[in-house]
>>> print(open('data25.cif').read())   # mmCIF, C-alpha atoms and all ligand atoms
data_start
loop_
_atom_site.label_atom_id
_atom_site.label_comp_id
_atom_site.auth_asym_id
_atom_site.auth_seq_id
_atom_site.Cartn_x
_atom_site.Cartn_y
_atom_site.Cartn_z
CA MET A 1 2.67 2.40 -12.45
CA LYS A 2 0.35 5.38 -12.37
CA LYS A 3 -3.05 4.35 -13.64
CA VAL A 4 -4.93 1.27 -12.47
CA GLY A 5 -8.03 -0.34 -13.97
CA VAL A 6 -10.30 -2.67 -12.01
CA ILE A 7 -12.93 -4.74 -13.82
CA GLY A 8 -15.88 -5.62 -11.56
CA CYS A 9 -17.05 -3.60 -8.56
CA GLY A 10 -18.46 -6.42 -6.44
CA LEU A 11 -17.08 -7.59 -3.09
CA MET A 12 -13.47 -7.79 -4.29
CA GLY A 13 -13.31 -5.23 -7.09
CA SER A 14 -14.70 -2.49 -4.83
CA GLY A 15 -12.07 -3.27 -2.19
CA ILE A 16 -9.21 -3.38 -4.71
CA ALA A 17 -10.32 -0.11 -6.35
CA GLN A 18 -10.61 1.53 -2.93
CA MET A 19 -7.11 0.48 -1.86
CA SER A 20 -5.61 1.51 -5.18
CA ALA A 21 -7.17 5.01 -5.08
CA LEU A 22 -6.42 5.44 -1.37
CA ASN A 23 -2.74 4.72 -2.06
CA GLY A 24 -2.49 7.43 -4.70
CA TYR A 25 -3.11 5.62 -8.00
CA THR A 26 -5.45 7.14 -10.55
CA THR A 27 -8.01 4.34 -10.60
CA VAL A 28 -10.96 3.50 -12.79
CA VAL A 29 -13.42 0.75 -11.90
CA VAL A 30 -15.75 -0.81 -14.50
CA GLU A 31 -19.08 -2.58 -13.95
CA VAL A 32 -21.76 -4.04 -16.22
CA ASN A 33 -24.43 -1.47 -15.43
CA GLU A 34 -25.09 1.71 -13.44
CA GLU A 35 -27.17 0.01 -10.77
CA ILE A 36 -24.47 -2.50 -9.75
CA LEU A 37 -21.79 0.17 -10.06
CA LYS A 38 -23.72 2.43 -7.72
CA LYS A 39 -24.01 -0.38 -5.18
CA GLY A 40 -20.27 -1.07 -5.36
CA LEU A 41 -19.33 2.59 -5.00
CA ALA A 42 -21.76 2.93 -2.07
CA SER A 43 -20.02 0.02 -0.32
CA ILE A 44 -16.68 1.87 -0.66
CA GLN A 45 -18.24 5.01 0.78
CA ASP A 46 -19.78 3.03 3.61
CA TRP A 47 -16.44 1.37 4.44
CA LEU A 48 -14.63 4.71 4.52
CA GLU A 49 -17.28 6.36 6.70
CA LYS A 50 -17.31 3.47 9.18
CA GLY A 51 -13.50 3.49 9.17
CA LYS A 52 -13.47 7.21 9.95
CA LYS A 53 -15.83 6.70 12.89
CA ARG A 54 -13.46 4.03 14.21
CA GLY A 55 -10.50 6.35 13.80
CA LYS A 56 -8.96 4.00 11.21
CA VAL A 57 -9.46 6.10 8.09
CA THR A 58 -8.27 9.71 7.85
CA ASP A 59 -9.88 12.63 6.02
CA GLU A 60 -6.83 12.66 3.70
CA GLN A 61 -7.47 9.04 2.72
CA ILE A 62 -11.15 9.76 2.05
CA GLU A 63 -10.10 12.74 -0.08
CA ALA A 64 -7.55 10.57 -1.95
CA VAL A 65 -10.30 8.08 -2.87
CA ARG A 66 -12.64 10.89 -3.93
CA LYS A 67 -9.94 12.47 -6.08
CA ASN A 68 -8.36 9.33 -7.58
CA LEU A 69 -11.32 7.01 -8.16
CA SER A 70 -13.55 7.22 -11.22
CA SER A 71 -15.98 4.67 -12.61
CA SER A 72 -17.55 3.57 -15.85
CA THR A 73 -19.82 0.98 -17.45
CA GLN A 74 -17.56 0.96 -20.54
CA VAL A 75 -14.48 -1.24 -20.61
CA ASN A 76 -12.82 1.35 -22.91
CA ALA A 77 -12.28 3.44 -19.76
CA VAL A 78 -9.24 1.29 -18.84
CA LYS A 79 -7.47 1.59 -22.19
CA ASP A 80 -4.61 3.80 -20.96
CA CYS A 81 -4.04 1.92 -17.67
CA ASP A 82 -0.62 0.54 -16.70
CA ILE A 83 -2.20 -2.42 -14.92
CA VAL A 84 -5.74 -3.82 -15.12
CA ILE A 85 -6.99 -6.14 -12.39
CA GLU A 86 -9.94 -8.32 -13.32
CA ALA A 87 -12.33 -9.11 -10.44
CA VAL A 88 -15.46 -10.32 -12.24
CA THR A 89 -17.60 -13.31 -11.28
CA GLU A 90 -15.66 -16.59 -10.85
CA ASN A 91 -16.49 -18.07 -14.26
CA THR A 92 -13.84 -19.19 -16.75
CA GLU A 93 -15.71 -18.27 -19.95
CA LEU A 94 -16.71 -14.84 -18.62
CA LYS A 95 -13.13 -14.10 -17.55
CA LYS A 96 -11.79 -15.20 -20.96
CA LYS A 97 -14.24 -12.85 -22.64
CA VAL A 98 -13.04 -9.98 -20.45
CA PHE A 99 -9.34 -10.72 -21.09
CA LYS A 100 -9.90 -10.99 -24.84
CA GLN A 101 -11.43 -7.49 -24.74
CA LEU A 102 -8.61 -6.15 -22.54
CA SER A 103 -5.93 -7.69 -24.72
CA ASP A 104 -7.25 -5.81 -27.76
CA LEU A 105 -7.69 -2.60 -25.79
CA VAL A 106 -4.70 -1.85 -23.53
CA ARG A 107 -1.06 -1.09 -24.39
CA ASP A 108 1.08 -4.14 -25.17
CA ASP A 109 3.22 -3.57 -22.07
CA ALA A 110 0.31 -3.04 -19.64
CA ILE A 111 0.04 -5.78 -16.99
CA LEU A 112 -3.12 -7.88 -17.02
CA ALA A 113 -3.92 -9.39 -13.62
CA THR A 114 -6.67 -11.73 -12.48
CA ASN A 115 -8.03 -11.91 -8.94
CA THR A 116 -9.42 -15.40 -9.57
CA SER A 117 -9.75 -17.71 -6.54
CA SER A 118 -9.04 -20.89 -8.46
CA ILE A 119 -8.92 -20.62 -12.26
CA SER A 120 -5.60 -21.21 -14.04
CA VAL A 121 -3.74 -18.00 -14.96
CA THR A 122 -2.16 -19.89 -17.86
CA GLU A 123 -5.58 -20.88 -19.19
CA LEU A 124 -6.87 -17.28 -19.01
CA ALA A 125 -3.67 -16.12 -20.73
CA THR A 126 -4.50 -18.23 -23.81
CA VAL A 127 -6.83 -15.46 -25.03
CA VAL A 128 -4.28 -12.68 -24.43
CA LYS A 129 -2.04 -11.44 -27.27
CA ASN A 130 1.17 -11.43 -25.25
CA PRO A 131 0.62 -13.84 -22.36
CA GLU A 132 3.95 -12.99 -20.69
CA ARG A 133 2.28 -9.87 -19.15
CA MET A 134 -0.52 -11.90 -17.58
CA VAL A 135 -0.33 -12.63 -13.83
CA GLY A 136 -2.55 -13.67 -10.91
CA MET A 137 -3.00 -11.13 -8.10
CA HIS A 138 -5.19 -12.86 -5.55
CA PHE A 139 -6.43 -10.47 -2.87
CA PHE A 140 -8.39 -11.57 0.21
CA ASN A 141 -11.74 -10.53 1.60
CA PRO A 142 -12.16 -7.93 3.11
CA VAL A 143 -9.50 -6.37 0.88
CA PRO A 144 -8.81 -3.28 3.03
CA ILE A 145 -7.98 -5.48 6.06
CA MET A 146 -6.52 -8.74 4.74
CA LYS A 147 -2.81 -8.23 4.13
CA LEU A 148 -2.08 -11.19 1.89
CA VAL A 149 -1.83 -11.07 -1.90
CA GLU A 150 -0.87 -14.25 -3.75
CA ILE A 151 1.14 -13.36 -6.85
CA ILE A 152 0.62 -16.23 -9.29
CA ARG A 153 3.04 -17.00 -12.09
CA GLY A 154 1.42 -18.39 -15.25
CA LEU A 155 3.61 -20.51 -17.51
CA ALA A 156 4.47 -17.49 -19.66
CA THR A 157 4.65 -14.75 -16.97
CA THR A 158 8.01 -12.95 -17.03
CA ASP A 159 10.19 -12.19 -13.99
CA ALA A 160 9.68 -8.47 -14.69
CA VAL A 161 5.89 -8.81 -14.51
CA MET A 162 6.13 -10.87 -11.29
CA ALA A 163 8.40 -8.22 -9.75
CA ALA A 164 6.21 -5.29 -10.84
CA SER A 165 3.08 -7.01 -9.47
CA ARG A 166 4.83 -7.66 -6.18
CA GLU A 167 5.93 -4.02 -5.95
CA PHE A 168 2.40 -2.90 -6.68
CA ALA A 169 0.99 -5.13 -3.90
CA LEU A 170 3.62 -3.76 -1.48
CA SER A 171 2.65 -0.21 -2.42
CA LEU A 172 -0.93 -1.00 -1.33
CA GLY A 173 0.40 -2.06 2.09
CA LYS A 174 0.01 -5.76 1.34
CA GLU A 175 2.17 -8.82 2.11
CA PRO A 176 2.73 -10.64 -1.18
CA ILE A 177 3.72 -14.29 -1.56
CA THR A 178 4.47 -15.94 -4.89
CA CYS A 179 2.73 -19.12 -6.04
CA PRO A 180 2.94 -21.35 -9.08
CA ASP A 181 -0.14 -21.75 -11.26
CA THR A 182 -1.61 -24.70 -9.38
CA PRO A 183 -5.40 -24.82 -8.85
CA ALA A 184 -6.51 -22.57 -5.98
CA PHE A 185 -2.90 -21.61 -5.21
CA VAL A 186 -2.00 -21.73 -1.48
CA VAL A 187 -4.79 -20.38 0.73
CA ASN A 188 -7.79 -21.82 -1.09
CA LYS A 189 -6.13 -25.22 -1.41
CA LEU A 190 -6.37 -25.38 2.38
CA LEU A 191 -9.51 -23.28 2.89
CA ILE A 192 -11.95 -24.74 0.34
CA PRO A 193 -11.83 -28.38 1.64
CA TYR A 194 -12.36 -26.98 5.17
CA LEU A 195 -15.42 -25.00 4.05
CA LEU A 196 -16.80 -28.03 2.13
CA ASP A 197 -16.35 -30.23 5.23
CA ALA A 198 -18.30 -27.69 7.30
CA VAL A 199 -21.21 -27.87 4.80
CA ARG A 200 -21.04 -31.70 4.86
CA MET A 201 -21.42 -31.59 8.66
CA VAL A 202 -24.56 -29.48 8.35
CA GLN A 203 -25.88 -31.57 5.44
CA ASP A 204 -25.33 -34.82 7.36
CA GLY A 205 -27.01 -33.48 10.52
CA ILE A 206 -23.84 -33.68 12.61
CA ALA A 207 -24.12 -30.07 13.78
CA THR A 208 -26.21 -26.97 13.08
CA PRO A 209 -24.59 -24.05 11.22
CA GLU A 210 -24.52 -22.12 14.49
CA ASP A 211 -22.76 -24.94 16.32
CA VAL A 212 -20.19 -25.50 13.55
CA ASP A 213 -19.38 -21.80 13.77
CA LYS A 214 -19.27 -21.79 17.56
CA ALA A 215 -16.97 -24.80 17.51
CA MET A 216 -14.32 -23.14 15.36
CA VAL A 217 -14.59 -19.68 16.97
CA HIS A 218 -14.55 -20.85 20.58
CA GLY A 219 -12.64 -24.09 20.11
CA CYS A 220 -9.91 -22.89 17.78
CA GLY A 221 -9.97 -19.11 18.06
CA TYR A 222 -10.87 -18.48 14.42
CA PRO A 223 -12.25 -14.95 13.85
CA MET A 224 -15.28 -16.36 12.01
CA GLY A 225 -16.77 -19.85 11.87
CA PRO A 226 -16.68 -21.58 8.46
CA ILE A 227 -20.41 -21.21 7.77
CA THR A 228 -20.30 -17.47 8.47
CA LEU A 229 -17.18 -17.29 6.30
CA LEU A 230 -18.97 -19.11 3.47
CA ASP A 231 -21.77 -16.54 3.57
CA TYR A 232 -19.12 -13.80 3.65
CA VAL A 233 -17.05 -15.14 0.72
CA GLY A 234 -20.10 -16.14 -1.36
CA LEU A 235 -21.43 -19.68 -1.84
CA ASP A 236 -21.33 -19.21 -5.64
CA THR A 237 -17.62 -18.31 -5.59
CA THR A 238 -16.82 -21.22 -3.26
CA LEU A 239 -18.75 -23.71 -5.40
CA HIS A 240 -17.03 -22.59 -8.59
CA ALA A 241 -13.61 -22.83 -6.92
CA ALA A 242 -14.44 -26.33 -5.62
CA ASP A 243 -15.59 -27.42 -9.08
CA VAL A 244 -12.35 -26.15 -10.65
CA MET A 245 -10.30 -28.02 -8.03
CA TYR A 246 -12.31 -31.23 -8.42
CA ALA A 247 -11.98 -31.09 -12.21
CA GLU A 248 -8.18 -30.76 -11.87
CA PHE A 249 -7.44 -33.18 -9.00
CA ARG A 250 -10.41 -35.63 -8.97
CA GLU A 251 -10.03 -35.94 -5.21
CA PRO A 252 -13.20 -36.44 -3.06
CA LYS A 253 -12.12 -33.70 -0.66
CA TYR A 254 -12.75 -31.13 -3.41
CA ALA A 255 -16.17 -32.52 -4.43
CA SER A 256 -18.98 -30.15 -3.50
CA PRO A 257 -21.59 -31.47 -1.08
CA VAL A 258 -25.06 -31.58 -2.69
CA LEU A 259 -26.36 -29.02 -0.18
CA LEU A 260 -23.88 -26.35 -1.35
CA ARG A 261 -24.86 -26.86 -4.99
CA ARG A 262 -28.58 -26.74 -4.17
CA MET A 263 -28.17 -23.53 -2.19
CA VAL A 264 -26.34 -21.88 -5.08
CA GLN A 265 -29.05 -23.11 -7.49
CA ALA A 266 -31.64 -21.55 -5.17
CA GLY A 267 -29.84 -18.17 -5.23
CA ARG A 268 -28.76 -18.42 -1.58
CA TRP A 269 -25.29 -17.03 -2.24
CA GLY A 270 -24.70 -15.53 1.20
CA ARG A 271 -24.53 -11.89 2.26
CA LYS A 272 -24.45 -10.58 -1.28
CA SER A 273 -27.86 -12.09 -2.16
CA GLY A 274 -29.42 -11.42 1.27
CA ARG A 275 -29.48 -15.08 2.25
CA GLY A 276 -27.06 -17.98 2.57
CA PHE A 277 -26.92 -20.27 5.58
CA TYR A 278 -28.02 -17.21 7.55
CA SER A 279 -30.39 -14.43 6.56
CA TYR A 280 -29.22 -10.86 5.89
CA GLU A 281 -32.47 -9.49 4.53
CA LYS A 282 -33.41 -6.12 5.93
CA ARG A 283 -36.57 -6.48 7.97
N1 LIG B 301 -12.24 0.84 7.99
C1 LIG B 301 -11.01 0.63 8.49
N2 LIG B 301 -10.70 -0.36 9.34
C2 LIG B 301 -11.70 -1.17 9.70
C3 LIG B 301 -13.01 -1.02 9.23
C4 LIG B 301 -13.27 0.04 8.34
N3 LIG B 301 -14.48 0.28 7.86
N4 LIG B 301 -13.78 -1.99 9.75
C5 LIG B 301 -12.97 -2.72 10.53
N5 LIG B 301 -11.73 -2.21 10.52
C6 LIG B 301 -10.57 -2.71 11.25
C7 LIG B 301 -10.82 -2.64 12.72
O1 LIG B 301 -10.52 -1.37 13.25
C8 LIG B 301 -9.90 -3.72 13.26
O2 LIG B 301 -8.58 -3.26 13.27
P1 LIG B 301 -7.61 -3.58 14.54
O3 LIG B 301 -7.48 -5.07 14.57
O4 LIG B 301 -6.33 -2.88 14.20
O5 LIG B 301 -8.33 -3.05 15.71
C9 LIG B 301 -9.98 -4.78 12.17
O6 LIG B 301 -10.39 -4.08 10.97
C10 LIG B 301 -11.02 -5.86 12.48
O7 LIG B 301 -12.25 -5.21 12.69
P2 LIG B 301 -13.30 -5.70 13.80
O8 LIG B 301 -12.52 -6.10 14.99
O9 LIG B 301 -14.38 -4.75 14.00
O10 LIG B 301 -13.99 -6.82 13.03
P3 LIG B 301 -14.11 -8.29 13.39
O11 LIG B 301 -13.36 -8.65 14.62
O12 LIG B 301 -15.56 -8.57 13.32
O13 LIG B 301 -13.34 -8.94 12.17
C11 LIG B 301 -12.95 -9.70 10.02
C12 LIG B 301 -13.82 -8.84 10.87
C13 LIG B 301 -11.59 -9.02 9.84
C14 LIG B 301 -13.61 -9.84 8.68
C15 LIG B 301 -12.73 -11.07 10.74
O14 LIG B 301 -13.98 -11.62 11.06
C16 LIG B 301 -11.97 -12.04 9.89
O15 LIG B 301 -10.75 -11.98 9.81
N6 LIG B 301 -12.69 -12.99 9.27
C17 LIG B 301 -12.09 -13.98 8.41
C18 LIG B 301 -11.90 -13.37 7.04
C19 LIG B 301 -11.23 -14.33 6.11
O16 LIG B 301 -10.92 -15.47 6.41
N7 LIG B 301 -11.01 -13.84 4.87
C20 LIG B 301 -10.45 -14.63 3.82
C21 LIG B 301 -11.58 -15.24 3.02
S1 LIG B 301 -10.99 -16.31 1.76
C22 LIG B 301 -10.65 -15.29 0.49
O17 LIG B 301 -10.80 -14.11 0.54
C23 LIG B 301 -10.08 -15.94 -0.73
C24 LIG B 301 -11.01 -16.48 -1.73
O18 LIG B 301 -10.56 -16.64 -2.87
C25 LIG B 301 -12.38 -16.91 -1.43
P1 LIG B 302 -19.06 -10.55 -6.80
O1 LIG B 302 -20.16 -11.38 -7.31
O2 LIG B 302 -19.23 -9.81 -5.51
O3 LIG B 302 -18.62 -9.47 -7.90
C1 LIG B 302 -18.36 -9.77 -9.23
C2 LIG B 302 -18.77 -8.55 -10.03
O4 LIG B 302 -18.32 -8.68 -11.39
C3 LIG B 302 -20.29 -8.36 -10.11
O5 LIG B 302 -20.63 -7.12 -9.53
C4 LIG B 302 -20.60 -8.40 -11.60
O6 LIG B 302 -21.62 -7.52 -12.00
C5 LIG B 302 -19.24 -7.98 -12.18
N1 LIG B 302 -19.07 -8.35 -13.59
C6 LIG B 302 -19.43 -9.48 -14.22
N2 LIG B 302 -19.09 -9.41 -15.54
C7 LIG B 302 -18.47 -8.23 -15.72
C8 LIG B 302 -17.90 -7.57 -16.84
N3 LIG B 302 -17.87 -8.14 -18.03
N4 LIG B 302 -17.38 -6.33 -16.67
C9 LIG B 302 -17.40 -5.72 -15.46
N5 LIG B 302 -17.93 -6.31 -14.35
C10 LIG B 302 -18.45 -7.53 -14.48
O7 LIG B 302 -17.79 -11.50 -6.72
P2 LIG B 302 -16.45 -11.29 -5.87
O8 LIG B 302 -16.58 -12.02 -4.60
O9 LIG B 302 -16.06 -9.86 -5.91
O10 LIG B 302 -15.43 -12.13 -6.78
C11 LIG B 302 -14.78 -11.56 -7.88
C12 LIG B 302 -13.54 -12.39 -8.19
O11 LIG B 302 -12.68 -12.37 -7.04
C13 LIG B 302 -13.82 -13.86 -8.46
O12 LIG B 302 -12.91 -14.33 -9.40
C14 LIG B 302 -13.60 -14.51 -7.11
O13 LIG B 302 -13.26 -15.87 -7.19
C15 LIG B 302 -12.42 -13.69 -6.58
N6 LIG B 302 -12.25 -13.66 -5.14
C16 LIG B 302 -13.34 -13.65 -4.31
C17 LIG B 302 -13.15 -13.60 -2.93
C18 LIG B 302 -14.30 -13.57 -1.98
O14 LIG B 302 -14.10 -13.74 -0.78
N7 LIG B 302 -15.51 -13.36 -2.42
C19 LIG B 302 -11.84 -13.55 -2.41
C20 LIG B 302 -10.76 -13.54 -3.30
C21 LIG B 302 -10.98 -13.61 -4.67
#
>>> encode(input="data25.cif", output="structure tokens")
Amino acid sequence: MKKVGVIGCGLMGSGIAQMSALNGYTTVVVEVNEEILKKGLASIQDWLEKGKKRGKVTDEQIEAVRKNLSSSTQVNAVKDCDIVIEAVTENTELKKKVFKQLSDLVRDDAILATNTSSISVTELATVVKNPERMVGMHFFNPVPIMKLVEIIRGLATTDAVMAASREFALSLGKEPITCPDTPAFVVNKLLIPYLLDAVRMVQDGIATPEDVDKAMVHGCGYPMGPITLLDYVGLDTTLHAADVMYAEFREPKYASPVLLRRMVQAGRWGRKSGRGFYSYEKR
């Protein structure tokens, strides 16, 4: 693989594009408009600068990103890529629309990967001309730090595509694991019910957000409490993943608490919207 396309330059797409360019791949990232693209590219720049100050990012790596990363608001920009990773908003219909476009655009042997947190790879592959080249590549947030990538096999995915995706993840310095196409795969099957339980505790007045966080950080040694993590991941993404899981399994543990749904309806999506359970608005 030489050329990588990334669709979406939000939290995840920006991180994936950064890691791809930093590891020597010619990379193009696509967003819906210039304003959002600028914000995504600025977050990459910010990450690299902070990393340099910490002594974690070298000048050579910054130069590699500058040289290898380009951007566009036109999906056509990915047409000659060897692999395209979709990282758009967690919404089945939107993702299908994107894959339909990609399927008509890229070479027949180019790999099409989705970074979805919960949606079936097999379902997304229904809109793709040759579904055997469709795979899940689930990165974790923050992408530059989190080592895991879940490589998800759709019903049609070939062994060759699984192997190439695994090799690609390894070349980005990641630790891949393979998963079948079961809703939310491995990590989110454990993580989402935990996050929903934390919201239920707040909703039911058992503990404040701060105390739920303190409990898990100081009681269990987690790097972040679940409410902080929800704000970090995005309440919208978490709600959509929970809804997908509930629709598939019909188990109460995957049912969203009312409070989570109301907060998403109110636009309190976490860090990315300036407010979730905590406030991130600049004073
Ligand atoms: N550039 C390079 N390296 C950086 C950096 C930067 N800009 N910023 C931080 N780092 C490095 C640090 O140097 C440090 O490295 P060492 O451990 O080698 O010293 C490491 O990253 C951690 O940095 P900090 O110690 O400053 O940060 P922290 O202690 O506040 O940790 C965190 C931040 C890594 C995000 C931590 O809070 C954490 O692990 N949180 C949980 C994240 C998590 O659970 N993610 C998964 C979410 S679920 C998901 O993604 C799936 C889904 O589908 C929703
Ligand atoms: P986000 O809201 O930060 O970013 C999504 C981006 O996609 C937005 O910037 C949006 O403008 C863009 N977009 C929407 N339609 C597009 C299109 N047609 N073409 C190009 N760009 C388009 O969301 P995110 O957190 O980056 O999540 C992206 C995907 O990654 C989702 O499927 C999510 O479930 C998954 N994911 C998220 C996390 C997380 O912690 N947030 C972790 C792993 C996986």
>>> residues_near_ligand(input="data25.cif", ligand="ligand LIG 301 (chain B)", cutoff="6 Å", atoms="all atoms listed in the file", output="PyMOL selection string")
chain A and resi 47-48+50-51+56-57+117+140-141+145+223-224+233
>>> residues_around(input="data25.cif", residues="stretch 242-252 of chain A", least_positions_apart="5", cutoff="7 Å", atoms="all atoms listed in the file", output="number ranges by chain")
A: 118-119, 183-184, 192
>>> residues_around(input="data25.cif", residues="A:Lys96", least_positions_apart="4", cutoff="7 Å", atoms="only C-alpha atoms", output="list in words")
Thr92, Lys100, Leu124 and Val127 of chain A
>>> residues_around(input="data25.cif", residues="A:Asp213", least_positions_apart="4", cutoff="10 Å", atoms="all atoms listed in the file", output="PyMOL selection string")
chain A and resi 198+207-209+217-219+222-229
>>> residues_around(input="data25.cif", residues="A:Glu175", least_positions_apart="2", cutoff="8 Å", atoms="all atoms listed in the file", output="list in words")
Lys147, Leu148, Val149, Ala169, Leu170, Gly173 and Ile177 of chain A
>>> atom_distance(input="data25.cif", atom1="atom O11 of ligand LIG 302 (chain B)", atom2="atom CA of A:Leu235")
12.5 Å
>>> closest_residue(input="data25.cif", among="A:Pro144, A:Gly10, A:Gly154, A:Gly15", to="A:Leu37", atoms="all atoms listed in the file")
A:Gly10
>>> closest_atom_pairs(input="data25.cif", of="chain A", to="ligand LIG 302 (chain B)", cutoff="8 Å", atoms="all atoms listed in the file", output="CSV")
residue,atom,partner,partner_atom,distance
A:Ile7,CA,B:LIG302,C9,4.9
A:Gly8,CA,B:LIG302,N5,3.5
A:Cys9,CA,B:LIG302,O5,5.1
A:Gly10,CA,B:LIG302,O3,3.4
A:Leu11,CA,B:LIG302,O9,3.8
A:Met12,CA,B:LIG302,O9,3.7
A:Gly13,CA,B:LIG302,O9,5.5
A:Ser14,CA,B:LIG302,O9,7.6
A:Val30,CA,B:LIG302,C9,5.3
A:Glu31,CA,B:LIG302,C9,3.9
A:Val32,CA,B:LIG302,C9,4.7
A:Asn33,CA,B:LIG302,O6,7.5
A:Ile36,CA,B:LIG302,O5,6.0
A:Leu37,CA,B:LIG302,O5,7.4
A:Gly40,CA,B:LIG302,O5,7.4
A:Thr73,CA,B:LIG302,C9,7.4
A:Val75,CA,B:LIG302,N4,7.1
A:Glu86,CA,B:LIG302,C12,7.5
A:Ala87,CA,B:LIG302,C12,4.2
A:Val88,CA,B:LIG302,O4,3.4
A:Thr89,CA,B:LIG302,C1,4.2
A:Glu90,CA,B:LIG302,O12,3.8
A:Asn91,CA,B:LIG302,O12,7.1
A:Leu94,CA,B:LIG302,N2,6.7
A:Lys95,CA,B:LIG302,N3,7.6
A:Lys97,CA,B:LIG302,N3,7.5
A:Val98,CA,B:LIG302,N3,5.7
A:Thr114,CA,B:LIG302,O12,7.4
A:Asn115,CA,B:LIG302,O11,5.0
A:Thr116,CA,B:LIG302,O12,3.7
A:Ser117,CA,B:LIG302,O13,4.0
A:Ser118,CA,B:LIG302,O13,6.7
A:Ile119,CA,B:LIG302,O12,8.0
A:His138,CA,B:LIG302,C21,5.9
A:Phe139,CA,B:LIG302,C20,5.3
A:Phe140,CA,B:LIG302,C20,4.7
A:Asn141,CA,B:LIG302,O14,4.6
A:Pro142,CA,B:LIG302,O14,7.3
A:Tyr232,CA,B:LIG302,O14,6.7
A:Val233,CA,B:LIG302,O14,3.6
A:Gly234,CA,B:LIG302,N7,5.5
A:Thr237,CA,B:LIG302,O13,5.2
A:Thr238,CA,B:LIG302,O13,7.5
A:His240,CA,B:LIG302,O13,7.8
A:Ala241,CA,B:LIG302,O13,7.0
A:Lys272,CA,B:LIG302,O2,6.8
>>> write_last_selection(input="data25.cif", atoms="C-alpha atoms", output="PDB file, in the coordinates of the input")
ATOM      1  CA  ILE A   7     -12.930  -4.740 -13.820  1.00  0.00           C
ATOM      2  CA  GLY A   8     -15.880  -5.620 -11.560  1.00  0.00           C
ATOM      3  CA  CYS A   9     -17.050  -3.600  -8.560  1.00  0.00           C
ATOM      4  CA  GLY A  10     -18.460  -6.420  -6.440  1.00  0.00           C
ATOM      5  CA  LEU A  11     -17.080  -7.590  -3.090  1.00  0.00           C
ATOM      6  CA  MET A  12     -13.470  -7.790  -4.290  1.00  0.00           C
ATOM      7  CA  GLY A  13     -13.310  -5.230  -7.090  1.00  0.00           C
ATOM      8  CA  SER A  14     -14.700  -2.490  -4.830  1.00  0.00           C
ATOM      9  CA  VAL A  30     -15.750  -0.810 -14.500  1.00  0.00           C
ATOM     10  CA  GLU A  31     -19.080  -2.580 -13.950  1.00  0.00           C
ATOM     11  CA  VAL A  32     -21.760  -4.040 -16.220  1.00  0.00           C
ATOM     12  CA  ASN A  33     -24.430  -1.470 -15.430  1.00  0.00           C
ATOM     13  CA  ILE A  36     -24.470  -2.500  -9.750  1.00  0.00           C
ATOM     14  CA  LEU A  37     -21.790   0.170 -10.060  1.00  0.00           C
ATOM     15  CA  GLY A  40     -20.270  -1.070  -5.360  1.00  0.00           C
ATOM     16  CA  THR A  73     -19.820   0.980 -17.450  1.00  0.00           C
ATOM     17  CA  VAL A  75     -14.480  -1.240 -20.610  1.00  0.00           C
ATOM     18  CA  GLU A  86      -9.940  -8.320 -13.320  1.00  0.00           C
ATOM     19  CA  ALA A  87     -12.330  -9.110 -10.440  1.00  0.00           C
ATOM     20  CA  VAL A  88     -15.460 -10.320 -12.240  1.00  0.00           C
ATOM     21  CA  THR A  89     -17.600 -13.310 -11.280  1.00  0.00           C
ATOM     22  CA  GLU A  90     -15.660 -16.590 -10.850  1.00  0.00           C
ATOM     23  CA  ASN A  91     -16.490 -18.070 -14.260  1.00  0.00           C
ATOM     24  CA  LEU A  94     -16.710 -14.840 -18.620  1.00  0.00           C
ATOM     25  CA  LYS A  95     -13.130 -14.100 -17.550  1.00  0.00           C
ATOM     26  CA  LYS A  97     -14.240 -12.850 -22.640  1.00  0.00           C
ATOM     27  CA  VAL A  98     -13.040  -9.980 -20.450  1.00  0.00           C
ATOM     28  CA  THR A 114      -6.670 -11.730 -12.480  1.00  0.00           C
ATOM     29  CA  ASN A 115      -8.030 -11.910  -8.940  1.00  0.00           C
ATOM     30  CA  THR A 116      -9.420 -15.400  -9.570  1.00  0.00           C
ATOM     31  CA  SER A 117      -9.750 -17.710  -6.540  1.00  0.00           C
ATOM     32  CA  SER A 118      -9.040 -20.890  -8.460  1.00  0.00           C
ATOM     33  CA  ILE A 119      -8.920 -20.620 -12.260  1.00  0.00           C
ATOM     34  CA  HIS A 138      -5.190 -12.860  -5.550  1.00  0.00           C
ATOM     35  CA  PHE A 139      -6.430 -10.470  -2.870  1.00  0.00           C
ATOM     36  CA  PHE A 140      -8.390 -11.570   0.210  1.00  0.00           C
ATOM     37  CA  ASN A 141     -11.740 -10.530   1.600  1.00  0.00           C
ATOM     38  CA  PRO A 142     -12.160  -7.930   3.110  1.00  0.00           C
ATOM     39  CA  TYR A 232     -19.120 -13.800   3.650  1.00  0.00           C
ATOM     40  CA  VAL A 233     -17.050 -15.140   0.720  1.00  0.00           C
ATOM     41  CA  GLY A 234     -20.100 -16.140  -1.360  1.00  0.00           C
ATOM     42  CA  THR A 237     -17.620 -18.310  -5.590  1.00  0.00           C
ATOM     43  CA  THR A 238     -16.820 -21.220  -3.260  1.00  0.00           C
ATOM     44  CA  HIS A 240     -17.030 -22.590  -8.590  1.00  0.00           C
ATOM     45  CA  ALA A 241     -13.610 -22.830  -6.920  1.00  0.00           C
ATOM     46  CA  LYS A 272     -24.450 -10.580  -1.280  1.00  0.00           C
TER      47      LYS A 272
END
>>> closest_residue(input="data25.cif", among="A:Ile16, A:Val128, A:Asp181, A:Ala110", to="A:Ala160", atoms="all atoms listed in the file")
A:Ala110
>>> residues_around(input="data25.cif", residues="A:Lys67", least_positions_apart="5", cutoff="12 Å", atoms="all atoms listed in the file", output="PyMOL selection string")
chain A and resi 18+20-28+60-62
